[in-house]
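Trainee: Dropping the structure in here first, questions after.
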Amino acid sequence: MGGGTPDPSGRSVLIQLSRLRRIRDMDTDNDTVTVEAGCVLQDVQSATRAVGRLFPLSLGAEGSCTIGGNLGTNAGGTQVLRYGNARELTLGLEVVTAEGEIWNGLRGLRKDNTGYDLRDLYIGSEGTLGIITAATLRLYPLPQASYAGLLAFAGLAEAVAFLSVARQRFSATLTAFEIISAEVLRLIGQNRPQFSLPVNPGEAGVAWYALLEISDTHSHQNVRNVFTDVVAQGVEDGLVIDAIVAESEAQRQHLWLLREHEISAAQNVEGPNVKHDVSVRISQIPSFVDEVVERLRERFPGCRPVIFGHLGDGNLHFNVSAPEGQDAHDFMQWEQEIHDIVHEAVRVFSGSISAEHGIGQAKVSLLRNHKSAVELDLMLRIKQALDPHNLFNPGKVLQPVLDKSQMIVSTR
Ligand SMILES: Cc1cc2nc3c(=O)[nH]c(=O)nc-3n(C[C@H](O)[C@H](O)[C@H](O)COP(=O)(O)OP(=O)(O)OC[C@H]3O[C@@H](n4cnc5c(N)ncnc54)[C@H](O)[C@@H]3O)c2cc1C
């Protein structure tokens, strides 16, 4: 969304936090770790795994993204269904304020009802309210076994109905329910011949696939039995058409490679496409997708929706590619019109125009159509109170509704 990219004025100061990379405290009795904001997410995952704990935030960028950026964007990822997003995984923050003071909120408490929750203000604020320098993060028991499979569905309605069954039957062991359209698998088959697809994307009657994972502290055999039992029930109920299960760790990783790497790689081969990161209620996803696809195809015959995402969180990455044979760069001339079609449907379905990627600069102008005047006014007043001179990440999130002449002058 461009939240970390300066405006073109040439007058911005960039702050690099990569030297703030210490793990300050690992408290296994409290199930918390306190890390500095420049720590790379994957390093935090490894450090906690080494002491037998799980830090569950997990996403495709984990080898390079930092805790500061994860909290700045309130990152989601593939395990939100079970563990929540970055906000839910954070117990406390250390922040440098606009006045240059340090607020230390790293107490690691699970209960603390002593007034306004400053932590939640800073998380997801995309660097516009202060600079996060450290965080106390919540840890979980390390699962002993994970089991994954790729399930085929005739339609999204069946996938949503099976998600509901899976939630009931797997309960807290269900850690991921990722949806991928059959068209996306066909795109990978076409553009990434070096990747061996685990299923034939041309399978008759199959329009969607779901990558399901359960994780448990019991044995692998136990997890496998529960998994196959629930999938068998899905087949019996007529919800699941077909399923392949990962019988080894290598096969499990292959399924995740498909989800986290191959989709982007297959799209990149063709050049740009029009991207959206939206959410609606899980129950409304089938009608939302039907409606948007129909409108897009009416207006741009032959365009190819590339849809995948975190069905368990109601979050779709809804990209639109040029019709077969049409130049991808040429197709981008319709970007704004395509955004309008998708985002108007999001508004009608009372969804969100940015489920997990934030507002940055790319979606600043959209906020006005998707937030009420009261909400925008409250946000503006928070910005004015915490950053009266508009020093932090100017032009991001709120700029168009931010009139500098109205900014409160600090009395300090
Ligand atoms: C391949 C790939 C897959 C991804 N998959 C997912 C996914 O599944 N789910 C998801 O939610 N996201 C996903 N993302 C987006 C990802 O969450 C963000 O790119 C990442 O969290 C940002 O971290 P960063 O260190 O790169 O931050 P940057 O890009 O440097 O910054 C991101 C924002 O946070 C602010 N910020 C950075 N550091 C601080 C700080 N210390 N204090 C205050 N504000 C700060 C910046 O100003 C900026 O607005 C993906 C990205 C990629 C490239």
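In the structure tokens, each chain is lettered A, B, ... as it comes, each chain's residues begin at 1, and ligands are numbered from 1 in order of appearance.
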How would you report the residues lying within 8 Å of ligand 1, as a PyMOL selection string, if you count only C-alpha atoms and all ligand atoms?

Mentor: chain A and resi 2-5+17+37-38+40+58-62+64-78+85+95+122-134+260-261+264+355-358+360+393+396

Trainee: Looking at A:Glu344, A:Asp377, A:Glu183, A:Glu36, which one is nearest to Glu203 of chain A, with distances taken over only C-alpha atoms?

Mentor: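 That would be A:Glu183, the residue with the smallest distance to Glu203 of chain A.
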
Trainee: For a quick check of understanding, using only C-alpha atoms, which of A:Ser46, A:Thr217, A:Thr136, A:Thr175 has the smallest distance to Asp27 of chain A?

Mentor: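 Using only C-alpha atoms, Asp27 of chain A sits closest to A:Thr136.
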
Trainee: Could you name the residues that touch Leu139 of chain A at 9 Å or less, counting only C-alpha atoms, but leaving out those on the same chain fewer than 3 positions away, as a PyMOL selection string?

Mentor: chain A and resi 28+30-33+48+53-56+89+142

Trainee: Mind dumping the selected residues with C-alpha atoms as a PDB file, in the first residue's frame?

Mentor:
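See again24.pdb below for the written result:
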```
ATOM      1  CA  THR A  28       8.288 -19.142  29.175  1.00  0.00           C
ATOM      2  CA  ASN A  30       4.412 -16.070  31.249  1.00  0.00           C
ATOM      3  CA  ASP A  31       4.424 -17.355  27.654  1.00  0.00           C
ATOM      4  CA  THR A  32       5.781 -14.067  26.314  1.00  0.00           C
ATOM      5  CA  VAL A  33       8.771 -12.794  24.421  1.00  0.00           C
ATOM      6  CA  THR A  48      10.679 -19.082  20.395  1.00  0.00           C
ATOM      7  CA  ARG A  53       7.024 -22.193  22.155  1.00  0.00           C
ATOM      8  CA  LEU A  54       5.119 -21.015  19.103  1.00  0.00           C
ATOM      9  CA  PHE A  55       4.898 -17.408  17.949  1.00  0.00           C
ATOM     10  CA  PRO A  56       2.097 -17.987  15.463  1.00  0.00           C
ATOM     11  CA  LEU A  89      -0.686 -11.511  19.568  1.00  0.00           C
ATOM     12  CA  LEU A 142       4.448 -25.655  20.145  1.00  0.00           C
TER      13      LEU A 142
END
```

Trainee: As a list in words, please: the residues near Phe308 of chain A (cut-off 8 Å, only C-alpha atoms, same-chain neighbours under 6 positions excluded).

Mentor: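 Listing them by chain and then by number gives Glu178, Ile179, Ile180, Ser181, Val184, Leu316, His317 and Phe318 of chain A.
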
Trainee: Using only C-alpha atoms, determine which residues lie at most 12 Å from Asn225 of chain A, disregarding the query and same-chain residues fewer than 2 positions distant; provide the list as a ChimeraX atom specification.

Mentor: /A:145-147,170,214,218-223,227-232,245,247

Trainee: Could you write those residues out with all heavy atoms, as a short mmCIF file (atom, residue, chain, number, x, y, z; two decimals), in the first residue's frame?

Mentor:
```cif
data_model
loop_
_atom_site.label_atom_id
_atom_site.label_comp_id
_atom_site.auth_asym_id
_atom_site.auth_seq_id
_atom_site.Cartn_x
_atom_site.Cartn_y
_atom_site.Cartn_z
N ALA A 145 2.23 -31.91 16.18
CA ALA A 145 1.91 -32.46 14.87
C ALA A 145 1.00 -31.51 14.10
O ALA A 145 0.10 -30.91 14.67
CB ALA A 145 1.21 -33.80 15.05
N SER A 146 1.29 -31.37 12.82
CA SER A 146 0.42 -30.58 11.94
C SER A 146 0.04 -31.46 10.77
O SER A 146 0.85 -32.26 10.29
CB SER A 146 1.15 -29.35 11.41
OG SER A 146 1.43 -28.48 12.46
N TYR A 147 -1.17 -31.30 10.32
CA TYR A 147 -1.62 -32.15 9.23
C TYR A 147 -2.37 -31.26 8.24
O TYR A 147 -3.23 -30.46 8.62
CB TYR A 147 -2.56 -33.23 9.78
CG TYR A 147 -2.58 -34.46 8.93
CD1 TYR A 147 -1.51 -35.35 8.96
CD2 TYR A 147 -3.64 -34.72 8.08
CE1 TYR A 147 -1.49 -36.47 8.16
CE2 TYR A 147 -3.63 -35.84 7.28
CZ TYR A 147 -2.56 -36.71 7.33
OH TYR A 147 -2.55 -37.82 6.54
N PHE A 170 -13.05 -29.67 14.48
CA PHE A 170 -11.63 -29.51 14.85
C PHE A 170 -11.46 -28.57 16.03
O PHE A 170 -10.41 -28.58 16.67
CB PHE A 170 -10.82 -28.95 13.67
CG PHE A 170 -10.70 -29.86 12.49
CD1 PHE A 170 -10.93 -29.39 11.20
CD2 PHE A 170 -10.32 -31.18 12.64
CE1 PHE A 170 -10.80 -30.22 10.10
CE2 PHE A 170 -10.18 -32.02 11.54
CZ PHE A 170 -10.43 -31.54 10.27
N ILE A 214 -4.59 -28.61 10.39
CA ILE A 214 -4.85 -28.67 11.83
C ILE A 214 -3.53 -28.93 12.54
O ILE A 214 -2.64 -29.60 12.02
CB ILE A 214 -5.92 -29.74 12.21
CG1 ILE A 214 -5.51 -31.15 11.81
CG2 ILE A 214 -7.26 -29.40 11.61
CD1 ILE A 214 -6.43 -32.21 12.40
N HIS A 218 -1.04 -33.38 20.31
CA HIS A 218 -1.05 -34.85 20.36
C HIS A 218 -0.17 -35.42 19.24
O HIS A 218 0.44 -34.69 18.48
CB HIS A 218 -2.48 -35.37 20.24
CG HIS A 218 -3.33 -34.97 21.39
ND1 HIS A 218 -3.04 -35.34 22.68
CD2 HIS A 218 -4.43 -34.19 21.45
CE1 HIS A 218 -3.96 -34.81 23.49
NE2 HIS A 218 -4.80 -34.10 22.77
N SER A 219 -0.20 -36.76 19.12
CA SER A 219 0.68 -37.42 18.16
C SER A 219 0.20 -37.18 16.72
O SER A 219 -0.96 -36.85 16.47
CB SER A 219 0.68 -38.92 18.42
OG SER A 219 -0.59 -39.44 18.06
N HIS A 220 1.10 -37.42 15.79
CA HIS A 220 0.78 -37.26 14.38
C HIS A 220 -0.36 -38.20 13.99
O HIS A 220 -1.27 -37.81 13.26
CB HIS A 220 2.03 -37.59 13.55
CG HIS A 220 1.84 -37.36 12.09
ND1 HIS A 220 1.88 -36.12 11.53
CD2 HIS A 220 1.56 -38.22 11.09
CE1 HIS A 220 1.65 -36.21 10.23
NE2 HIS A 220 1.46 -37.49 9.94
N GLN A 221 -0.32 -39.42 14.51
CA GLN A 221 -1.35 -40.41 14.17
C GLN A 221 -2.73 -39.91 14.60
O GLN A 221 -3.71 -40.00 13.86
CB GLN A 221 -1.02 -41.76 14.86
CG GLN A 221 -1.87 -42.93 14.38
CD GLN A 221 -1.78 -43.12 12.85
OE1 GLN A 221 -0.70 -42.98 12.28
NE2 GLN A 221 -2.91 -43.40 12.22
N ASN A 222 -2.78 -39.35 15.80
CA ASN A 222 -4.03 -38.83 16.33
C ASN A 222 -4.59 -37.71 15.43
O ASN A 222 -5.76 -37.69 15.06
CB ASN A 222 -3.79 -38.31 17.75
CG ASN A 222 -5.06 -37.83 18.39
OD1 ASN A 222 -5.97 -38.62 18.59
ND2 ASN A 222 -5.13 -36.55 18.69
N VAL A 223 -3.70 -36.79 15.07
CA VAL A 223 -4.09 -35.66 14.22
C VAL A 223 -4.57 -36.17 12.86
O VAL A 223 -5.59 -35.73 12.33
CB VAL A 223 -2.88 -34.70 14.06
CG1 VAL A 223 -3.18 -33.63 13.04
CG2 VAL A 223 -2.54 -34.07 15.38
N PHE A 227 -8.32 -35.74 11.22
CA PHE A 227 -8.38 -35.02 9.93
C PHE A 227 -9.14 -35.86 8.90
O PHE A 227 -10.09 -35.38 8.27
CB PHE A 227 -6.95 -34.74 9.43
CG PHE A 227 -6.89 -33.79 8.27
CD1 PHE A 227 -6.68 -32.43 8.48
CD2 PHE A 227 -7.03 -34.23 6.96
CE1 PHE A 227 -6.63 -31.55 7.42
CE2 PHE A 227 -6.97 -33.36 5.89
CZ PHE A 227 -6.76 -32.01 6.13
N THR A 228 -8.72 -37.11 8.74
CA THR A 228 -9.33 -37.94 7.69
C THR A 228 -10.81 -38.23 8.02
O THR A 228 -11.64 -38.29 7.13
CB THR A 228 -8.56 -39.26 7.48
OG1 THR A 228 -8.29 -39.84 8.75
CG2 THR A 228 -7.25 -39.03 6.78
N ASP A 229 -11.11 -38.34 9.29
CA ASP A 229 -12.49 -38.58 9.71
C ASP A 229 -13.39 -37.41 9.31
O ASP A 229 -14.48 -37.58 8.76
CB ASP A 229 -12.47 -38.77 11.24
CG ASP A 229 -13.82 -39.20 11.76
OD1 ASP A 229 -14.44 -40.04 11.09
OD2 ASP A 229 -14.24 -38.68 12.82
N VAL A 230 -12.93 -36.19 9.58
CA VAL A 230 -13.75 -35.01 9.28
C VAL A 230 -13.88 -34.81 7.76
O VAL A 230 -14.96 -34.49 7.25
CB VAL A 230 -13.16 -33.75 9.96
CG1 VAL A 230 -13.92 -32.50 9.55
CG2 VAL A 230 -13.17 -33.92 11.47
N VAL A 231 -12.79 -35.05 7.04
CA VAL A 231 -12.86 -34.91 5.58
C VAL A 231 -13.82 -35.96 5.00
O VAL A 231 -14.63 -35.66 4.11
CB VAL A 231 -11.45 -35.02 4.95
CG1 VAL A 231 -11.53 -35.10 3.43
CG2 VAL A 231 -10.60 -33.83 5.35
N ALA A 232 -13.77 -37.16 5.56
CA ALA A 232 -14.68 -38.22 5.08
C ALA A 232 -16.14 -37.80 5.31
O ALA A 232 -17.01 -38.02 4.46
CB ALA A 232 -14.39 -39.53 5.79
N VAL A 245 -4.27 -35.55 0.95
CA VAL A 245 -3.71 -35.18 2.24
C VAL A 245 -2.19 -35.31 2.18
O VAL A 245 -1.67 -36.15 1.45
CB VAL A 245 -4.28 -36.05 3.39
CG1 VAL A 245 -5.71 -35.69 3.69
CG2 VAL A 245 -4.16 -37.52 3.06
N GLU A 247 1.03 -36.62 3.35
CA GLU A 247 1.42 -37.75 4.20
C GLU A 247 2.82 -37.58 4.79
O GLU A 247 3.27 -38.39 5.57
CB GLU A 247 1.34 -39.06 3.42
CG GLU A 247 -0.08 -39.51 3.09
CD GLU A 247 -0.90 -39.89 4.34
OE1 GLU A 247 -0.36 -39.83 5.46
OE2 GLU A 247 -2.09 -40.23 4.17
#
```

Trainee: May I have all residues of segment 64-208 of chain A that DSSP, computed from the backbone, assigns to strand (DSSP E), given as a PyMOL selection string?

Mentor: chain A and resi 90-96+102-105+131-138+140-141+145-153+174-181+208

Trainee: Could those residues be written to a file, using N, CA, C and O atoms, as a short mmCIF file (atom, residue, chain, number, x, y, z; two decimals), in the first residue's frame?

Mentor:
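result31.cif, written as the output of this step:
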```cif
data_model
loop_
_atom_site.label_atom_id
_atom_site.label_comp_id
_atom_site.auth_asym_id
_atom_site.auth_seq_id
_atom_site.Cartn_x
_atom_site.Cartn_y
_atom_site.Cartn_z
N THR A 90 -0.22 -9.38 20.63
CA THR A 90 0.65 -8.40 21.31
C THR A 90 0.09 -8.02 22.67
O THR A 90 -1.06 -7.61 22.78
N LEU A 91 0.93 -8.13 23.69
CA LEU A 91 0.49 -7.75 25.04
C LEU A 91 0.95 -6.36 25.43
O LEU A 91 0.37 -5.74 26.32
N GLY A 92 2.02 -5.89 24.79
CA GLY A 92 2.49 -4.56 25.18
C GLY A 92 3.46 -3.99 24.17
O GLY A 92 4.04 -4.72 23.36
N LEU A 93 3.65 -2.67 24.24
CA LEU A 93 4.53 -1.98 23.30
C LEU A 93 5.46 -1.01 24.02
O LEU A 93 5.14 -0.55 25.12
N GLU A 94 6.56 -0.71 23.35
CA GLU A 94 7.38 0.44 23.73
C GLU A 94 7.35 1.36 22.51
O GLU A 94 7.56 0.90 21.38
N VAL A 95 7.03 2.64 22.74
CA VAL A 95 6.82 3.56 21.62
C VAL A 95 7.54 4.88 21.88
O VAL A 95 7.54 5.38 23.01
N VAL A 96 8.16 5.44 20.83
CA VAL A 96 8.70 6.80 20.91
C VAL A 96 7.63 7.75 20.38
O VAL A 96 7.11 7.57 19.27
N ILE A 102 9.64 8.29 25.67
CA ILE A 102 9.47 6.85 25.47
C ILE A 102 8.35 6.36 26.38
O ILE A 102 8.40 6.56 27.60
N TRP A 103 7.33 5.77 25.77
CA TRP A 103 6.27 5.12 26.57
C TRP A 103 6.63 3.64 26.67
O TRP A 103 6.73 2.95 25.66
N ASN A 104 6.83 3.17 27.88
CA ASN A 104 7.16 1.75 28.07
C ASN A 104 5.92 1.02 28.56
O ASN A 104 5.50 1.18 29.71
N GLY A 105 5.33 0.24 27.68
CA GLY A 105 4.14 -0.53 28.05
C GLY A 105 4.40 -2.02 27.91
O GLY A 105 3.55 -2.77 27.44
N ILE A 131 6.64 5.78 16.88
CA ILE A 131 7.53 4.73 16.39
C ILE A 131 7.60 3.61 17.43
O ILE A 131 8.02 3.84 18.57
N ILE A 132 7.17 2.45 17.03
CA ILE A 132 7.23 1.28 17.92
C ILE A 132 8.69 0.82 17.96
O ILE A 132 9.30 0.60 16.90
N THR A 133 9.25 0.71 19.18
CA THR A 133 10.65 0.27 19.26
C THR A 133 10.79 -1.14 19.83
O THR A 133 11.81 -1.79 19.65
N ALA A 134 9.75 -1.62 20.54
CA ALA A 134 9.81 -2.99 21.07
C ALA A 134 8.38 -3.44 21.37
O ALA A 134 7.45 -2.62 21.45
N ALA A 135 8.24 -4.77 21.51
CA ALA A 135 6.90 -5.31 21.78
C ALA A 135 7.01 -6.57 22.62
O ALA A 135 7.97 -7.33 22.50
N THR A 136 6.03 -6.77 23.49
CA THR A 136 5.92 -8.03 24.22
C THR A 136 4.84 -8.85 23.55
O THR A 136 3.69 -8.41 23.42
N LEU A 137 5.24 -10.03 23.07
CA LEU A 137 4.37 -10.84 22.22
C LEU A 137 3.94 -12.10 22.96
O LEU A 137 4.68 -12.65 23.78
N ARG A 138 2.77 -12.57 22.60
CA ARG A 138 2.15 -13.73 23.24
C ARG A 138 2.65 -15.03 22.60
O ARG A 138 2.70 -15.12 21.37
N TYR A 140 2.54 -19.46 22.43
CA TYR A 140 1.63 -20.60 22.57
C TYR A 140 2.43 -21.89 22.64
O TYR A 140 3.59 -21.93 22.21
N PRO A 141 1.81 -22.98 23.11
CA PRO A 141 2.50 -24.26 23.08
C PRO A 141 2.86 -24.63 21.64
O PRO A 141 2.09 -24.33 20.73
N ALA A 145 2.23 -31.91 16.18
CA ALA A 145 1.91 -32.46 14.87
C ALA A 145 1.00 -31.51 14.10
O ALA A 145 0.10 -30.91 14.67
N SER A 146 1.29 -31.37 12.82
CA SER A 146 0.42 -30.58 11.94
C SER A 146 0.04 -31.46 10.77
O SER A 146 0.85 -32.26 10.29
N TYR A 147 -1.17 -31.30 10.32
CA TYR A 147 -1.62 -32.15 9.23
C TYR A 147 -2.37 -31.26 8.24
O TYR A 147 -3.23 -30.46 8.62
N ALA A 148 -2.02 -31.38 6.97
CA ALA A 148 -2.63 -30.50 5.98
C ALA A 148 -3.18 -31.29 4.81
O ALA A 148 -2.74 -32.41 4.53
N GLY A 149 -4.16 -30.71 4.14
CA GLY A 149 -4.71 -31.35 2.96
C GLY A 149 -5.28 -30.30 2.02
O GLY A 149 -5.52 -29.16 2.42
N LEU A 150 -5.45 -30.70 0.78
CA LEU A 150 -6.05 -29.82 -0.22
C LEU A 150 -7.39 -30.44 -0.62
O LEU A 150 -7.43 -31.57 -1.12
N LEU A 151 -8.46 -29.71 -0.38
CA LEU A 151 -9.80 -30.25 -0.60
C LEU A 151 -10.45 -29.55 -1.79
O LEU A 151 -10.29 -28.34 -1.97
N ALA A 152 -11.19 -30.32 -2.58
CA ALA A 152 -11.84 -29.75 -3.77
C ALA A 152 -13.33 -29.53 -3.52
O ALA A 152 -13.99 -30.39 -2.91
N PHE A 153 -13.83 -28.40 -4.01
CA PHE A 153 -15.26 -28.05 -3.81
C PHE A 153 -15.88 -27.63 -5.15
O PHE A 153 -15.20 -27.05 -6.01
N LEU A 174 -8.01 -26.28 14.43
CA LEU A 174 -8.04 -25.80 13.04
C LEU A 174 -7.22 -24.52 12.96
O LEU A 174 -7.59 -23.49 13.53
N THR A 175 -6.10 -24.57 12.24
CA THR A 175 -5.21 -23.39 12.21
C THR A 175 -5.26 -22.64 10.88
O THR A 175 -4.86 -21.49 10.82
N ALA A 176 -5.69 -23.30 9.81
CA ALA A 176 -5.74 -22.59 8.52
C ALA A 176 -6.83 -23.15 7.63
O ALA A 176 -7.08 -24.36 7.61
N PHE A 177 -7.48 -22.25 6.92
CA PHE A 177 -8.49 -22.64 5.92
C PHE A 177 -8.34 -21.64 4.79
O PHE A 177 -8.98 -20.60 4.76
N GLU A 178 -7.45 -21.95 3.87
CA GLU A 178 -7.08 -21.02 2.80
C GLU A 178 -7.76 -21.43 1.51
O GLU A 178 -7.70 -22.60 1.13
N ILE A 179 -8.36 -20.48 0.83
CA ILE A 179 -9.12 -20.80 -0.38
C ILE A 179 -8.32 -20.40 -1.62
O ILE A 179 -7.62 -19.39 -1.62
N ILE A 180 -8.42 -21.23 -2.65
CA ILE A 180 -7.73 -20.93 -3.92
C ILE A 180 -8.68 -21.35 -5.04
O ILE A 180 -9.17 -22.49 -5.03
N SER A 181 -8.93 -20.47 -6.00
CA SER A 181 -9.86 -20.87 -7.07
C SER A 181 -9.16 -21.81 -8.05
O SER A 181 -7.92 -21.78 -8.19
N TRP A 208 -13.25 -24.70 -6.76
CA TRP A 208 -12.45 -24.12 -5.67
C TRP A 208 -11.70 -25.21 -4.93
O TRP A 208 -12.16 -26.35 -4.84
#
```

Trainee: Based on the backbone DSSP call, show me all residues of segment 235-394 of chain A assigned alpha helix (DSSP H), as a ChimeraX atom specification.

Mentor: /A:235-236,249-257,263-268,285-299,328-331,335-348,367-370,373-386
